[in-house]
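S.K.: See coords_36.txt below, with compact mmCIF, C-alpha atoms and all ligand atoms.
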# COMPACT_ATOMS: atom_id res chain seq x y z
CA MET A 22 -23.83 4.60 2.80
CA SER A 23 -20.32 5.25 4.10
CA ARG A 24 -19.36 8.66 5.50
CA ILE A 25 -17.11 9.23 2.47
CA ALA A 26 -19.80 8.38 -0.10
CA ALA A 27 -22.30 10.69 1.64
CA LYS A 28 -19.99 13.68 1.13
CA VAL A 29 -19.32 12.89 -2.54
CA LEU A 30 -22.96 13.56 -3.37
CA MET A 31 -22.75 17.01 -1.75
CA ASP A 32 -19.55 18.34 -3.24
CA SER A 33 -19.15 16.93 -6.72
CA LYS A 34 -18.38 20.30 -8.43
CA LYS A 35 -15.36 20.85 -6.23
CA ILE A 36 -13.84 17.43 -6.84
CA PRO A 37 -11.84 18.30 -10.03
CA LEU A 38 -10.30 21.27 -8.16
CA LYS A 39 -9.33 18.94 -5.35
CA PHE A 40 -7.70 16.50 -7.80
CA LYS A 41 -5.54 19.40 -8.99
CA GLY A 42 -4.87 20.66 -5.47
CA SER A 43 -3.66 17.26 -4.31
CA LEU A 44 -1.44 16.54 -7.33
CA TYR A 45 -0.04 20.10 -7.27
CA GLY A 46 0.63 19.83 -3.53
CA ALA A 47 2.55 16.59 -4.12
CA LEU A 48 4.60 18.13 -6.95
CA LEU A 49 5.31 21.31 -5.00
CA GLY A 50 6.41 19.41 -1.90
CA ASP A 51 8.77 17.28 -3.99
CA CYS A 52 10.29 20.22 -5.92
CA THR A 53 10.69 22.54 -2.91
CA GLY A 54 11.76 19.81 -0.48
CA ALA A 55 14.31 18.12 -2.75
CA PRO A 56 17.19 20.61 -2.24
CA TYR A 57 17.04 19.85 1.52
CA GLU A 58 16.76 16.05 1.36
CA GLY A 59 19.10 14.46 3.91
CA ASP A 60 19.75 17.74 5.77
CA LYS A 61 19.42 18.30 9.50
CA LEU A 62 17.82 21.73 9.90
CA GLN A 63 17.99 24.07 12.91
CA GLU A 64 15.30 26.32 14.41
CA GLY A 65 16.86 29.35 12.62
CA ASP A 66 16.44 27.70 9.22
CA LYS A 67 12.70 28.45 9.44
CA THR A 68 13.51 32.07 8.48
CA THR A 69 15.58 30.94 5.50
CA LEU A 70 12.76 28.69 4.33
CA LYS A 71 10.23 31.50 4.70
CA ARG A 72 12.38 33.70 2.44
CA TYR A 73 12.77 30.82 -0.03
CA PHE A 74 8.98 30.41 -0.30
CA ASP A 75 8.36 34.19 -0.36
CA LYS A 76 10.69 34.52 -3.32
CA LEU A 77 9.11 31.62 -5.23
CA GLU A 78 5.61 32.93 -4.55
CA GLY A 79 6.43 36.58 -5.29
CA PRO A 80 6.71 38.40 -8.65
CA MET A 81 7.91 36.04 -11.40
CA PHE A 82 11.65 35.93 -12.00
CA LYS A 83 13.65 33.89 -14.46
CA SER A 84 15.47 30.92 -12.99
CA PRO A 85 16.01 27.25 -13.78
CA LYS A 86 12.94 25.21 -12.82
CA LYS A 87 13.04 23.36 -9.50
CA SER A 88 13.57 19.75 -10.50
CA TYR A 89 11.21 17.05 -9.37
CA THR A 90 12.61 13.72 -8.12
CA ASP A 91 11.66 10.02 -8.14
CA ASP A 92 8.50 10.86 -6.14
CA THR A 93 6.97 12.75 -9.06
CA ALA A 94 8.60 10.56 -11.74
CA GLN A 95 6.79 7.52 -10.31
CA THR A 96 3.57 9.45 -9.64
CA LYS A 97 3.45 10.27 -13.37
CA CYS A 98 3.75 6.53 -14.16
CA VAL A 99 0.82 5.74 -11.84
CA LEU A 100 -1.19 8.55 -13.44
CA LYS A 101 -0.51 7.14 -16.91
CA CYS A 102 -1.49 3.64 -15.78
CA LEU A 103 -4.83 4.81 -14.32
CA ILE A 104 -5.67 7.10 -17.24
CA THR A 105 -4.92 4.37 -19.80
CA ASN A 106 -6.35 1.32 -18.02
CA LYS A 107 -8.87 2.79 -15.54
CA GLY A 108 -7.23 0.58 -12.96
CA ILE A 109 -3.86 -0.82 -11.89
CA GLU A 110 -2.37 -3.20 -14.48
CA GLN A 111 0.81 -4.40 -12.78
CA LYS A 112 2.75 -5.33 -15.92
CA PHE A 113 1.86 -2.00 -17.55
CA LEU A 114 2.93 -0.16 -14.40
CA ALA A 115 6.19 -2.14 -14.09
CA THR A 116 6.98 -1.28 -17.72
CA GLU A 117 6.28 2.42 -17.14
CA PHE A 118 8.50 2.47 -14.03
CA VAL A 119 11.33 0.78 -15.98
CA LYS A 120 11.01 3.12 -18.98
CA GLU A 121 10.90 6.18 -16.72
CA TYR A 122 13.91 5.11 -14.65
CA PHE A 123 16.17 4.08 -17.53
CA THR A 124 15.30 7.22 -19.53
CA ASP A 125 16.00 9.49 -16.59
CA PRO A 126 17.87 7.67 -13.78
CA ASN A 127 19.25 10.72 -11.93
CA ARG A 128 16.16 11.51 -9.91
CA GLY A 129 17.43 10.28 -6.52
CA TYR A 130 15.84 6.80 -6.48
CA GLY A 131 16.30 4.50 -3.47
CA ARG A 132 18.82 1.67 -4.00
CA GLY A 133 16.24 -1.08 -3.41
CA THR A 134 13.95 0.38 -6.06
CA VAL A 135 16.85 0.69 -8.52
CA ALA A 136 17.64 -3.03 -7.99
CA VAL A 137 13.98 -4.00 -8.53
CA LEU A 138 13.68 -1.91 -11.71
CA THR A 139 16.92 -3.37 -13.04
CA LYS A 140 15.62 -6.94 -12.51
CA LEU A 141 12.26 -6.04 -14.04
CA ARG A 142 14.09 -4.82 -17.13
CA GLN A 143 16.32 -7.93 -17.30
CA THR A 144 13.33 -10.28 -16.96
CA LYS A 145 11.09 -8.20 -19.27
CA ALA A 146 8.67 -8.03 -16.33
CA VAL A 147 7.38 -11.54 -17.10
CA ASP A 148 6.56 -11.90 -13.42
CA PRO A 149 6.08 -8.24 -12.45
CA LEU A 150 5.95 -8.93 -8.69
CA ARG A 151 8.90 -11.28 -8.24
CA PRO A 152 11.81 -8.78 -8.19
CA ALA A 153 10.09 -6.81 -5.39
CA GLN A 154 9.47 -10.00 -3.40
CA GLU A 155 13.15 -10.95 -3.70
CA SER A 156 14.53 -7.55 -2.69
CA PHE A 157 16.33 -7.02 0.64
CA GLY A 158 16.98 -10.73 1.04
CA GLY A 159 13.34 -11.66 0.51
CA ASN A 160 11.98 -9.19 3.10
CA GLY A 161 10.85 -6.66 0.50
CA SER A 162 11.46 -2.94 0.84
CA HIS A 163 9.95 -1.10 3.82
CA GLY A 164 10.74 2.25 2.15
CA ASN A 165 8.23 5.03 1.52
CA GLY A 166 8.49 4.61 -2.27
CA ALA A 167 5.00 3.06 -2.47
CA ALA A 168 3.39 5.87 -0.41
CA MET A 169 5.16 8.74 -2.19
CA ARG A 170 3.48 7.90 -5.52
CA ILE A 171 0.01 6.89 -4.28
CA THR A 172 -1.92 10.19 -4.70
CA PRO A 173 -3.40 9.25 -8.14
CA VAL A 174 -4.84 6.00 -6.74
CA ALA A 175 -6.44 7.83 -3.78
CA LEU A 176 -7.99 10.38 -6.16
CA PHE A 177 -9.14 7.79 -8.70
CA CYS A 178 -10.95 5.97 -5.86
CA TYR A 179 -12.48 9.11 -4.33
CA ASN A 180 -15.94 7.78 -5.20
CA LYS A 181 -15.11 4.05 -4.90
CA SER A 182 -13.79 3.70 -1.35
CA GLU A 183 -14.42 -0.05 -1.37
CA LYS A 184 -11.71 -0.46 -4.05
CA LEU A 185 -9.08 1.80 -2.53
CA LYS A 186 -7.09 -0.62 -0.37
CA ASP A 187 -6.89 -3.33 -3.04
CA MET A 188 -5.72 -0.87 -5.66
CA VAL A 189 -3.10 0.59 -3.31
CA VAL A 190 -1.81 -2.93 -2.62
CA GLN A 191 -1.62 -3.73 -6.35
CA CYS A 192 0.20 -0.46 -7.06
CA SER A 193 2.65 -0.94 -4.19
CA LEU A 194 3.63 -4.57 -4.77
CA VAL A 195 5.32 -3.85 -8.11
CA THR A 196 8.31 -2.45 -6.18
CA HIS A 197 7.54 -2.80 -2.44
CA ALA A 198 6.60 -6.21 -0.99
CA ASN A 199 6.98 -5.46 2.73
CA ALA A 200 3.77 -4.95 4.77
CA LEU A 201 5.20 -1.83 6.43
CA SER A 202 5.59 -0.17 3.06
CA VAL A 203 2.19 -1.27 1.77
CA ASN A 204 0.37 -0.26 4.97
CA GLY A 205 2.12 3.13 4.83
CA ALA A 206 0.82 3.62 1.29
CA ILE A 207 -2.69 2.66 2.46
CA LEU A 208 -2.50 5.17 5.33
CA GLN A 209 -1.41 7.97 2.99
CA ALA A 210 -4.09 7.08 0.41
CA LEU A 211 -6.85 6.96 3.04
CA ALA A 212 -5.87 10.41 4.31
CA VAL A 213 -5.96 11.89 0.79
CA GLN A 214 -9.25 10.21 -0.08
CA TYR A 215 -10.84 11.40 3.18
CA CYS A 216 -9.79 15.00 2.54
CA VAL A 217 -10.99 15.07 -1.08
CA ASN A 218 -14.46 14.33 0.26
CA ARG A 219 -14.49 17.00 3.00
CA GLU A 220 -15.17 20.74 3.09
CA PRO A 221 -12.24 22.57 4.76
CA GLU A 222 -14.69 24.32 7.13
CA GLU A 223 -16.04 21.04 8.48
CA PHE A 224 -12.68 19.25 8.70
CA LYS A 225 -11.53 18.29 12.20
CA ASN A 226 -8.17 16.71 13.03
CA ASP A 227 -9.75 14.27 15.50
CA ASP A 228 -12.30 13.03 12.94
CA LEU A 229 -9.55 12.14 10.46
CA LEU A 230 -7.43 10.52 13.19
CA ASP A 231 -10.41 8.48 14.43
CA TYR A 232 -11.18 7.33 10.87
CA LEU A 233 -7.56 6.34 10.17
CA THR A 234 -7.22 4.61 13.54
CA GLU A 235 -10.25 2.44 12.81
CA GLU A 236 -9.02 1.56 9.29
CA ILE A 237 -5.46 0.82 10.43
CA LYS A 238 -6.72 -1.29 13.32
CA GLN A 239 -8.49 -3.57 10.83
CA LEU A 240 -5.32 -3.84 8.71
CA GLU A 241 -3.01 -4.55 11.64
CA GLU A 242 -5.49 -7.01 13.23
CA ALA A 243 -5.88 -8.99 10.01
CA VAL A 244 -4.04 -12.34 10.01
CA ASP A 245 -1.72 -13.47 7.23
CA GLU A 246 -1.55 -16.92 5.63
CA PHE A 247 0.37 -18.19 8.70
CA GLY A 248 -2.28 -16.94 11.12
CA LEU A 249 -0.01 -14.08 12.29
CA LYS A 250 -0.97 -10.44 12.85
CA SER A 251 1.33 -7.62 11.69
CA GLU A 252 3.00 -5.34 14.24
CA LYS A 253 0.71 -2.51 15.37
CA VAL A 254 3.23 0.12 14.38
CA TYR A 255 0.92 2.50 12.52
CA GLY A 256 -1.74 2.36 15.26
CA LYS A 257 0.95 3.40 17.76
CA LYS A 258 2.13 6.22 15.45
CA LEU A 259 -1.43 7.58 15.22
CA ASP A 260 -1.55 7.64 19.04
CA ASP A 261 1.78 9.49 19.05
CA ILE A 262 0.40 12.05 16.58
CA ARG A 263 -2.51 12.77 18.95
CA THR A 264 -0.09 13.24 21.86
CA LEU A 265 2.17 15.56 19.86
CA LEU A 266 -0.74 17.66 18.60
CA LYS A 267 -1.73 18.36 22.21
CA LYS A 268 1.67 19.99 22.82
CA GLU A 269 1.90 23.63 21.74
CA ASN A 270 5.45 23.53 20.44
CA PRO A 271 7.04 20.07 20.53
CA SER A 272 10.79 20.07 19.93
CA ILE A 273 12.27 18.56 16.77
CA ASP A 274 13.94 15.96 19.04
CA ASP A 275 10.56 14.98 20.48
CA LEU A 276 9.13 14.68 16.96
CA MET A 277 12.08 12.63 15.76
CA ASN A 278 11.90 10.28 18.76
CA LYS A 279 8.22 9.59 18.19
CA LEU A 280 7.71 9.93 14.42
CA GLY A 281 11.09 10.13 12.64
CA ASN A 282 12.03 11.56 9.23
CA SER A 283 13.80 8.72 7.40
CA PRO A 284 12.81 7.05 4.09
CA ALA A 285 11.34 4.09 5.99
CA ALA A 286 7.56 4.31 5.44
CA VAL A 287 6.85 4.00 9.14
CA ASN A 288 9.19 6.94 9.87
CA SER A 289 7.81 9.28 7.22
CA VAL A 290 4.16 8.59 6.28
CA PRO A 291 2.85 9.38 9.81
CA THR A 292 5.27 12.34 9.96
CA ALA A 293 3.73 13.81 6.79
CA LEU A 294 0.24 13.36 8.22
CA TYR A 295 1.36 15.06 11.44
CA CYS A 296 2.82 18.02 9.46
CA PHE A 297 -0.47 18.54 7.67
CA LEU A 298 -2.53 18.27 10.87
CA ARG A 299 -0.24 20.61 12.82
CA ALA A 300 -0.08 23.22 10.05
CA HIS A 301 -3.41 23.39 8.28
CA GLY A 302 -5.46 25.19 10.95
CA GLN A 303 -3.56 28.37 11.80
CA PRO A 304 -0.09 29.97 11.90
CA PHE A 305 2.15 28.77 14.72
CA LYS A 306 5.62 29.43 16.15
CA GLY A 307 8.08 30.18 13.33
CA ILE A 308 5.56 29.25 10.60
CA ASP A 309 3.48 32.38 10.17
CA SER A 310 2.07 32.24 6.64
CA SER A 311 -1.68 32.74 6.27
CA ASN A 312 -1.72 29.98 3.61
CA PRO A 313 -2.23 26.39 4.87
CA MET A 314 -0.25 24.81 2.01
CA ARG A 315 2.73 27.07 2.70
CA ARG A 316 2.61 26.30 6.41
CA THR A 317 2.38 22.57 5.72
CA LEU A 318 5.34 22.52 3.31
CA GLU A 319 7.55 24.92 5.25
CA TYR A 320 6.98 22.94 8.44
CA ALA A 321 7.59 19.57 6.74
CA ILE A 322 10.90 20.79 5.31
CA THR A 323 12.10 22.20 8.65
CA LEU A 324 12.00 18.67 10.07
CA GLY A 325 14.88 17.70 7.74
CA GLY A 326 15.67 14.14 6.63
CA ASP A 327 13.47 12.88 3.80
CA THR A 328 12.19 16.39 3.05
CA ASP A 329 11.06 15.93 -0.57
CA THR A 330 8.93 12.92 0.26
CA ILE A 331 7.52 14.11 3.59
CA ALA A 332 6.65 17.52 2.06
CA SER A 333 5.17 15.84 -1.02
CA MET A 334 2.92 13.49 1.00
CA ALA A 335 1.86 16.31 3.39
CA GLY A 336 1.23 18.63 0.42
CA SER A 337 -0.92 16.01 -1.28
CA ILE A 338 -3.20 15.70 1.78
CA CYS A 339 -3.41 19.50 2.19
CA GLY A 340 -4.23 20.05 -1.51
CA ALA A 341 -6.89 17.34 -1.35
CA LEU A 342 -8.66 19.27 1.41
CA TYR A 343 -8.34 22.83 0.06
CA GLY A 344 -8.22 22.34 -3.71
CA GLU A 345 -6.09 24.14 -6.27
CA GLU A 346 -6.94 27.66 -5.05
CA VAL A 347 -4.66 27.15 -2.04
CA ILE A 348 -1.58 27.15 -4.31
CA SER A 349 -0.41 30.22 -6.22
CA GLU A 350 0.29 29.77 -9.93
CA ASN A 351 3.53 31.73 -9.40
CA ILE A 352 5.08 29.08 -7.21
CA LEU A 353 3.86 26.23 -9.43
CA ALA A 354 5.40 27.91 -12.47
CA HIS A 355 8.81 27.31 -10.85
CA CYS A 356 8.20 23.54 -10.71
CA GLU A 357 9.43 21.25 -13.45
CA GLY A 358 6.55 19.16 -14.83
CA PHE A 359 3.71 21.44 -13.70
CA GLU A 360 1.98 21.69 -17.12
CA GLU A 361 2.12 17.92 -17.56
CA ILE A 362 0.69 17.26 -14.08
CA LYS A 363 -2.03 19.85 -14.75
CA SER A 364 -3.25 18.10 -17.87
CA MET A 365 -2.95 14.64 -16.27
CA ALA A 366 -5.03 15.83 -13.29
CA GLY A 367 -7.92 16.58 -15.68
CA GLU A 368 -7.50 13.25 -17.48
CA LEU A 369 -7.44 11.37 -14.17
CA TYR A 370 -10.68 13.04 -13.10
CA ASN A 371 -12.34 12.00 -16.39
CA ALA A 372 -11.03 8.43 -15.97
CA SER A 373 -12.45 8.27 -12.44
CA GLN A 374 -16.03 9.03 -13.57
N1 LIG B 1 16.71 7.70 -2.19
C1 LIG B 1 16.39 8.84 -1.84
N2 LIG B 1 17.29 9.68 -1.31
C2 LIG B 1 18.65 9.31 -1.11
C3 LIG B 1 19.60 10.34 -1.65
C4 LIG B 1 19.19 10.93 -2.94
C5 LIG B 1 20.29 11.84 -3.38
N3 LIG B 1 19.93 13.19 -3.05
C6 LIG B 1 20.51 11.68 -4.85
O1 LIG B 1 20.14 12.59 -5.61
O2 LIG B 1 21.02 10.65 -5.25
N4 LIG B 1 15.14 9.32 -2.02
C7 LIG B 1 14.08 8.56 -2.56
O3 LIG B 1 14.04 7.33 -1.85
C8 LIG B 1 12.89 7.28 -0.99
C9 LIG B 1 11.97 6.23 -1.54
O4 LIG B 1 12.68 5.04 -1.42
P1 LIG B 1 12.13 3.64 -1.97
O5 LIG B 1 11.65 3.83 -3.35
O6 LIG B 1 11.23 3.07 -0.99
O7 LIG B 1 13.51 2.88 -2.06
P2 LIG B 1 14.13 1.63 -1.26
O8 LIG B 1 15.55 1.59 -1.65
O9 LIG B 1 13.30 0.44 -1.50
O10 LIG B 1 13.99 1.99 0.29
C10 LIG B 1 14.62 3.15 0.81
C11 LIG B 1 15.75 2.78 1.78
O11 LIG B 1 15.22 2.19 2.96
C12 LIG B 1 16.10 1.14 3.42
N5 LIG B 1 15.36 -0.14 3.37
C13 LIG B 1 14.16 -0.37 2.79
N6 LIG B 1 13.77 -1.64 3.01
C14 LIG B 1 14.71 -2.23 3.72
C15 LIG B 1 14.87 -3.56 4.27
N7 LIG B 1 13.94 -4.51 4.10
N8 LIG B 1 15.99 -3.83 4.96
C16 LIG B 1 16.94 -2.85 5.16
N9 LIG B 1 16.84 -1.57 4.68
C17 LIG B 1 15.75 -1.28 3.99
C18 LIG B 1 17.29 1.13 2.48
O12 LIG B 1 18.29 1.97 2.99
C19 LIG B 1 16.69 1.72 1.21
O13 LIG B 1 17.61 2.27 0.32
C20 LIG B 1 12.27 8.64 -1.05
O14 LIG B 1 12.83 9.43 -0.04
C21 LIG B 1 12.70 9.18 -2.37
O15 LIG B 1 12.75 10.58 -2.39
MG MG B 2 12.66 11.84 -4.09
MG MG B 3 12.72 11.48 -0.50
Using structure tokens, write down the structure from this file.
Ligand code: F2R
Ligand code: MG
Ligand code: MG
M.R.:
Amino acid sequence: MSRIAAKVLMDSKKIPLKFKGSLYGALLGDCTGAPYEGDKLQEGDKTTLKRYFDKLEGPMFKSPKKSYTDDTAQTKCVLKCLITNKGIEQKFLATEFVKEYFTDPNRGYGRGTVAVLTKLRQTKAVDPLRPAQESFGGNGSHGNGAAMRITPVALFCYNKSEKLKDMVVQCSLVTHANALSVNGAILQALAVQYCVNREPEEFKNDDLLDYLTEEIKQLEEAVDEFGLKSEKVYGKKLDDIRTLLKKENPSIDDLMNKLGNSPAAVNSVPTALYCFLRAHGQPFKGIDSSNPMRRTLEYAITLGGDTDTIASMAGSICGALYGEEVISENILAHCEGFEEIKSMAGELYNASQ
């Protein structure tokens, strides 16, 4: 029995709470990170962010909801696909992505994804994978769009680890045909799935990093149809994460040189993992909240760049470990789409049984 399966038997009552925690963490990271997307933040901005979170978490006040972006819009499509089909049906998913985008296009989608969704609409998704294969001159997108929406697949497979990678690949290829994007989505999904099946008290950074290193090694060692191996970029990033975690207070420049914060999957999926690992254990310089979700999100946003997506992916991993109790209802009530995600979290859990 795999290490993941062994834990499932022990903790089954907590699993629905972890489904909620992970989906809420993803929504919260998207909604709170979105206003800062593309910004370059300074050390002093940590205080501003602390006040921003204190206000949202404090006594309820009336204000427009914090809008979610493409990250959550596409996550909802994946949720619907899994709840309806109990698996990934690529034509169904392509249709949901198209309907969602053309109903509500102003959610900050990447230009490659917009082009793919436009072609899918024009071709009625007869071949649901072709537009993604043709994008960026036939290279496929290496963006983080496949990873940012992968939480529902990781949760659905919490008790079927042998299916996880295949389902992530199927879900990714509808819009992202580049191996860097797909492997990034696999890395993110493995981290979420691992955390769902762990008690916070027994969780150790090194155990998760060892597990991911082993899994990624297999992926990056595998040969394609031409007998070629893919670049070992994610293996190297995991090594960089270990090095950075040994430093007490690495500078933002050091983090950017090693991990990055752009919408390329390779420059954001490992960054999100690093944010979670750095922040979950205890308060640290400039990030003094006693709540691990708050520390994770505040820290992710201070790194600037692709803040909605990095915070969303980091929040999803954190929520998968701690469950819904780590997030106050007050802050969630400020997020657009919370009630819908709440009910879909329950439906996803039922579909996964
Ligand atoms: N697009 C954004 N943010 C931009 C600004 C939003 C603005 N605030 C607004 O409201 O309009 N955010 C969202 O995009 C990221 C997910 O991107 P996805 O879905 O992967 O899109 P895409 O276009 O495929 O890839 C992203 C960019 O990466 C570069 N790129 C990707 N593959 C490439 C290749 N093979 N060759 C060259 N460049 C490639 C392109 O610049 C793409 O546009 C998330 O951050 C989400 O929040
Ligand atoms: Mg976004
Ligand atoms: Mg983004």
S.K.: Give me, as a VMD selection string, all polymer residues having an atom no more than 12 Å from Ala146 of chain A, counting all atoms listed in the file and skipping those fewer than 6 positions away in the same chain.
M.R.: chain A and resid 111 to 120 137 to 140 152 to 153 195 to 196
S.K.: What does the distance between atom CA of His197 of chain A and atom CA of Asn371 of chain A come to in Å, to one decimal place?
M.R.: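 Result for atom CA of His197 of chain A versus atom CA of Asn371 of chain A: 28.4 Å, one decimal.
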S.K.: Tell me, as a ChimeraX atom specification, which residues lie within 10 Å of Gly281 of chain A, counting only C-alpha atoms; anything in the same chain fewer than 5 positions away does not count.
M.R.: /A:273-276,286-292,324-327
S.K.: Ranking A:Lys238, A:Lys34, A:Lys268, A:Lys258 by minimum distance to Arg299 of chain A and counting only C-alpha atoms, which one comes first?
M.R.: A:Lys268
S.K.: Using all atoms listed in the file, determine which residues fall within 6 Å of ligand LIG 1 (chain B), then list them as a list in words.
M.R.: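 Protein and nucleic-acid residues within 6 Å of ligand LIG 1 (chain B): Asp91, Asp92, Arg128, Gly129, Tyr130, Gly131, Arg132, Gly133, Thr134, Phe157, Asn160, Gly161, Ser162, His163, Gly164, Asn165, Gly166, Pro284, Ala285, Asp327, Asp329 and Thr330 of chain A.
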S.K.: Could you turn the residues from that selection into a file that holds C-alpha atoms, as a short mmCIF file (atom, residue, chain, number, x, y, z; two decimals), in the frame of the given file?
M.R.:
data_model
loop_
_atom_site.label_atom_id
_atom_site.label_comp_id
_atom_site.auth_asym_id
_atom_site.auth_seq_id
_atom_site.Cartn_x
_atom_site.Cartn_y
_atom_site.Cartn_z
CA ASP A 91 11.66 10.02 -8.14
CA ASP A 92 8.50 10.86 -6.14
CA ARG A 128 16.16 11.51 -9.91
CA GLY A 129 17.43 10.28 -6.52
CA TYR A 130 15.84 6.80 -6.48
CA GLY A 131 16.30 4.50 -3.47
CA ARG A 132 18.82 1.67 -4.00
CA GLY A 133 16.24 -1.08 -3.41
CA THR A 134 13.95 0.38 -6.06
CA PHE A 157 16.33 -7.02 0.64
CA ASN A 160 11.98 -9.19 3.10
CA GLY A 161 10.85 -6.66 0.50
CA SER A 162 11.46 -2.94 0.84
CA HIS A 163 9.95 -1.10 3.82
CA GLY A 164 10.74 2.25 2.15
CA ASN A 165 8.23 5.03 1.52
CA GLY A 166 8.49 4.61 -2.27
CA PRO A 284 12.81 7.05 4.09
CA ALA A 285 11.34 4.09 5.99
CA ASP A 327 13.47 12.88 3.80
CA ASP A 329 11.06 15.93 -0.57
CA THR A 330 8.93 12.92 0.26
#
S.K.: May I have the residues within 12 Å of Lys363 of chain A as a list in words, using only C-alpha atoms and disregarding those fewer than 5 positions away in the same chain?
M.R.: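 Near Lys363 of chain A, the qualifying residues are Pro37, Leu38, Lys39, Phe40, Lys41, Gly42, Ser43, Leu44, Tyr45, Gly46, Leu48, Lys97, Leu100, Glu345, Glu350, Leu353, Ala354, Cys356, Glu357, Gly358, Glu368, Leu369 and Tyr370 of chain A.
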S.K.: How big is the axis-aligned box around all listed atoms of segment 199-203 of chain A once 5 Å goes on each side, and where's its centre, in Å to one decimal, as JSON?
M.R.:
{"center_x": 4.6, "center_y": -2.8, "center_z": 4.1, "size_x": 14.8, "size_y": 15.3, "size_z": 14.7}
S.K.: Would you mind reading off the distance between atom CA of Phe74 of chain A and atom CA of Gly367 of chain A, one decimal, in Å?
M.R.: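 Interatomic distance, atom CA of Phe74 of chain A to atom CA of Gly367 of chain A: 26.7 Å.
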S.K.: What gap, in Å, lies between atom CA of Cys296 of chain A and atom CA of Arg263 of chain A?
M.R.: 12.1 Å
S.K.: Would you please work out which residue, of A:Ile109, A:Ser310, A:Ile352, A:Ser373, is nearest to Gly79 of chain A when using all atoms listed in the file?
M.R.: A:Ile352
S.K.: Between A:Tyr343, A:Tyr320, A:Tyr179, A:Phe305, which has the minimum distance to Glu222 of chain A (counting all atoms listed in the file)?
M.R.: A:Tyr343
S.K.: Which residue out of A:Ile36, A:Leu249, A:Ala94, A:Leu77 has the minimum interatomic distance to ligand MG 2 (chain B) when only C-alpha atoms and all ligand atoms are used?
M.R.: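 Nearest candidate to ligand MG 2 (chain B) out of A:Ile36, A:Leu249, A:Ala94, A:Leu77: A:Ala94.
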S.K.: In terms of the shortest atom-to-atom distance over all atoms listed in the file, which of A:Met81, A:Ala332, A:Ala372, A:Cys102 is closest to ligand MG 3 (chain B)?
M.R.: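 Nearest to ligand MG 3 (chain B): A:Ala332.
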S.K.: Which is closer to ligand MG 2 (chain B) than all the others in A:Thr328, A:Asn351, A:Ser182, A:Thr69, using all atoms listed in the file?
M.R.: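 So, comparing all the options, the nearest one is A:Thr328.
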S.K.: Dig up all the protein and nucleic acid residues within 7 Å of (-1.8, -2.4, -9.3) in the file frame, using all atoms listed in the file, and format them as a PDB file with C-alpha atoms, in the coordinates of the input.
M.R.:
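Output saved as result_18.pdb:
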ATOM      1  CA  ILE A 109      -3.860  -0.820 -11.890  1.00  0.00           C
ATOM      2  CA  GLU A 110      -2.370  -3.200 -14.480  1.00  0.00           C
ATOM      3  CA  GLN A 111       0.810  -4.400 -12.780  1.00  0.00           C
ATOM      4  CA  MET A 188      -5.720  -0.870  -5.660  1.00  0.00           C
ATOM      5  CA  VAL A 189      -3.100   0.590  -3.310  1.00  0.00           C
ATOM      6  CA  VAL A 190      -1.810  -2.930  -2.620  1.00  0.00           C
ATOM      7  CA  GLN A 191      -1.620  -3.730  -6.350  1.00  0.00           C
ATOM      8  CA  CYS A 192       0.200  -0.460  -7.060  1.00  0.00           C
ATOM      9  CA  SER A 193       2.650  -0.940  -4.190  1.00  0.00           C
TER      10      SER A 193
END
